[in-house]
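Reviewing the structure listed below.
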Amino acid sequence: MAEVILTLNTGIDIKVEADLVTPDMFAGKNKSEIESLLVWQGPKQYPLSDFFDVEGEAGSSAEDTSIVVKGDVSRVKRIGEKMTAGKITIEGSVSMHVGTEMEGGEILVKGDADSWAGMEMKGGLLHITGNVKDHVGCAYRGKWLGMSGGRIVIDGNAMNNLGGGISGGEIIVGGNVGHYCGIRKNGGLIVVKGDAIRAVAAEMTAGTMVIGGHIEGFSPGFEYETNESDLTFDDLECPGEYMKFARDYAIAKKPKGIFYVNQDANRDL
């Protein structure tokens, strides 16, 4: 796989819109062609080389292209947007919309990510080793359907509205989540290994939700069914004893979906 290395070469005040930093856009281009690609900063466009030193050349296709981004790009937005194949490795934290509408390939963020990571994602793997802010895998404002495919893995914590409107795919959080995790969930799988605050899976009509820690404010519309032990979802294991709740009756007369809650961490339910 051919590799292109982008090294941040300047401080950034107004955030840069770098949606063209994808294997799809780099494929078939040499060093000078990549350097001349234009990115937005505020109302103006500038060549990519104004912000990054470029090394290497891309492969003949997106599948054959790997991009490594070095430096703190917490003021660079939309990296990996709509990518369909290949790989992006970000060696530091990144700004908003990383992996937005991603369809395939792999993005690895070795740091934190801002809000809207994996927004309306359709496929591929987005792995964030640090923490992430709001609206991961979520529907954009004014829309109802969020992430529909692929997998998002967050090793740290996530904030609010994770997986809002998710209809397919998987979101796995190694730490805690904030408010409204899985709100309006209508498919897919969300697993949170840590704690959650309130309105988890509120208005859920389909899919599966798993909370391995304590829920501060449990939504009242769910109906308890039974207990299950040591849950398994393909290659993902959730050991322990779980209370199984059926759907949110507060939103629909015949909703589907299953909500698993760790029993030891939620003895008050």
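Every chain in the structure tokens takes a letter, A first, then B, and so on in the order presented; its residues are numbered from 1, and the ligands are numbered from 1 following the presented order.
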*Run DSSP on the backbone and give me the residues of range 55-158 of chain A it puts in strand (DSSP E or B), as a PyMOL selection string.*
chain A and resi 55+65-70+73+76-77+87-91+94+106-109+113+125-128+132+151-154+158
*asked:* Based on the backbone DSSP call, show me all residues of range 33-230 of chain A assigned helix (DSSP H, G or I), as an MDAnalysis selection string.
replied: chainID A and resid 33:35 48:50 62:64
*Would you kindly return, as a VMD selection string, each protein, DNA or RNA residue with an atom no farther than 7 Å from any atom of Val54 in chain A, considering only C-alpha atoms and excluding same-chain residues fewer than 3 positions away?*
chain A and resid 5 to 7 31 35 49
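From CA of Cys238 in chain A back to CA of Val173 in chain A, the distance works out to 12.0 Å.
In terms of minimum interatomic distance to Gly165 in chain A, A:Gly187 ranks closest within A:Gly178, A:Gly187, A:Gly149, A:Gly42, counting only C-alpha atoms.
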_Selected residue of minimal separation from Met243 in chain A among A:Met96, A:Ala113, A:Val76, A:Ala265, counting only C-alpha atoms_ = A:Ala265
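In terms of minimum interatomic distance to Ser60 in chain A, A:Asn30 ranks closest within A:Asn186, A:Asn30, A:Asn131, A:Asn227, counting only C-alpha atoms.
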With 10 Å as the cut-off and only C-alpha atoms counted, what is the closest atom pair between each nearby residue of range 94-181 of chain A and range 205-220 of chain A? Distances in Å to one decimal, ordered by chain and number, as a Markdown table.
```
| residue | atom | partner | partner_atom | distance |
| --- | --- | --- | --- | --- |
| A:Gly165 | CA | A:Thr205 | CA | 10.0 |
| A:Ile166 | CA | A:Gly207 | CA | 8.7 |
| A:Ser167 | CA | A:Gly207 | CA | 7.5 |
| A:Gly168 | CA | A:Gly207 | CA | 7.9 |
| A:Gly169 | CA | A:Gly207 | CA | 9.8 |
| A:Glu170 | CA | A:Thr208 | CA | 9.6 |
| A:Ile171 | CA | A:Met209 | CA | 9.8 |
| A:Ile172 | CA | A:Val210 | CA | 9.5 |
| A:Val173 | CA | A:Ile211 | CA | 9.7 |
| A:Gly174 | CA | A:Gly212 | CA | 9.6 |
| A:Gly175 | CA | A:Gly213 | CA | 9.1 |
| A:Asn176 | CA | A:Gly213 | CA | 8.1 |
| A:Val177 | CA | A:Ile211 | CA | 9.7 |
| A:Gly178 | CA | A:Glu216 | CA | 10.0 |
| A:His179 | CA | A:Gly217 | CA | 9.3 |
| A:Cys181 | CA | A:Met209 | CA | 9.4 |
```
Produce a file of the selected residues containing N, CA, C and O atoms, as an mmCIF file, in the first residue's frame.
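This is the output file out_29.cif:
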```
data_model
loop_
_atom_site.group_PDB
_atom_site.id
_atom_site.type_symbol
_atom_site.label_atom_id
_atom_site.label_comp_id
_atom_site.auth_asym_id
_atom_site.auth_seq_id
_atom_site.Cartn_x
_atom_site.Cartn_y
_atom_site.Cartn_z
ATOM 1 N N GLY A 165 -30.478 8.388 16.300
ATOM 2 C CA GLY A 165 -31.093 7.985 15.048
ATOM 3 C C GLY A 165 -30.390 6.854 14.331
ATOM 4 O O GLY A 165 -30.674 6.594 13.154
ATOM 5 N N ILE A 166 -29.501 6.136 14.997
ATOM 6 C CA ILE A 166 -28.762 5.049 14.346
ATOM 7 C C ILE A 166 -29.726 3.984 13.829
ATOM 8 O O ILE A 166 -30.660 3.576 14.515
ATOM 9 N N SER A 167 -29.493 3.535 12.584
ATOM 10 C CA SER A 167 -30.353 2.511 11.989
ATOM 11 C C SER A 167 -29.588 1.241 11.629
ATOM 12 O O SER A 167 -30.198 0.252 11.236
ATOM 13 N N GLY A 168 -28.262 1.271 11.734
ATOM 14 C CA GLY A 168 -27.448 0.102 11.425
ATOM 15 C C GLY A 168 -26.011 0.343 11.841
ATOM 16 O O GLY A 168 -25.628 1.447 12.232
ATOM 17 N N GLY A 169 -25.198 -0.722 11.777
ATOM 18 C CA GLY A 169 -23.814 -0.598 12.200
ATOM 19 C C GLY A 169 -23.653 -0.764 13.694
ATOM 20 O O GLY A 169 -24.607 -1.111 14.413
ATOM 21 N N GLU A 170 -22.437 -0.496 14.180
ATOM 22 C CA GLU A 170 -22.101 -0.723 15.583
ATOM 23 C C GLU A 170 -21.309 0.454 16.148
ATOM 24 O O GLU A 170 -20.421 0.981 15.477
ATOM 25 N N ILE A 171 -21.625 0.826 17.375
ATOM 26 C CA ILE A 171 -20.834 1.805 18.124
ATOM 27 C C ILE A 171 -20.444 1.155 19.447
ATOM 28 O O ILE A 171 -21.311 0.695 20.200
ATOM 29 N N ILE A 172 -19.139 1.131 19.741
ATOM 30 C CA ILE A 172 -18.636 0.501 20.955
ATOM 31 C C ILE A 172 -17.827 1.536 21.724
ATOM 32 O O ILE A 172 -16.861 2.101 21.203
ATOM 33 N N VAL A 173 -18.210 1.776 22.967
ATOM 34 C CA VAL A 173 -17.559 2.788 23.802
ATOM 35 C C VAL A 173 -16.930 2.091 25.004
ATOM 36 O O VAL A 173 -17.627 1.432 25.780
ATOM 37 N N GLY A 174 -15.620 2.261 25.159
ATOM 38 C CA GLY A 174 -14.937 1.619 26.273
ATOM 39 C C GLY A 174 -15.146 2.312 27.600
ATOM 40 O O GLY A 174 -15.013 1.701 28.660
ATOM 41 N N GLY A 175 -15.496 3.603 27.588
ATOM 42 C CA GLY A 175 -15.695 4.376 28.803
ATOM 43 C C GLY A 175 -17.144 4.742 29.034
ATOM 44 O O GLY A 175 -18.056 3.933 28.821
ATOM 45 N N ASN A 176 -17.366 5.989 29.444
ATOM 46 C CA ASN A 176 -18.700 6.470 29.796
ATOM 47 C C ASN A 176 -19.301 7.316 28.676
ATOM 48 O O ASN A 176 -18.593 7.791 27.784
ATOM 49 N N VAL A 177 -20.628 7.515 28.753
ATOM 50 C CA VAL A 177 -21.323 8.399 27.817
ATOM 51 C C VAL A 177 -22.158 9.405 28.600
ATOM 52 O O VAL A 177 -22.446 9.213 29.779
ATOM 53 N N GLY A 178 -22.569 10.460 27.912
ATOM 54 C CA GLY A 178 -23.365 11.505 28.557
ATOM 55 C C GLY A 178 -24.856 11.287 28.407
ATOM 56 O O GLY A 178 -25.360 10.172 28.511
ATOM 57 N N HIS A 179 -25.571 12.349 28.107
ATOM 58 C CA HIS A 179 -27.024 12.318 27.981
ATOM 59 C C HIS A 179 -27.468 11.808 26.603
ATOM 60 O O HIS A 179 -26.761 11.944 25.622
ATOM 61 N N CYS A 181 -27.884 8.990 24.991
ATOM 62 C CA CYS A 181 -27.193 7.968 24.201
ATOM 63 C C CYS A 181 -28.223 7.088 23.486
ATOM 64 O O CYS A 181 -29.110 6.521 24.108
#
```
*Do you know which residues are at most 7 Å from Gly150 in chain A counting only C-alpha atoms, after dropping those on the same chain fewer than 4 positions away, and could you put them as a ChimeraX atom specification?*
/A:121-125,169-170
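Going from CA of Lys44 in chain A to CA of Asp19 in chain A covers 14.8 Å.
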*Contacts of Val73 in chain A within 7 Å, only C-alpha atoms, excl. fewer than 3 positions in-chain, as a PyMOL selection string*: chain A and resi 76+92-95
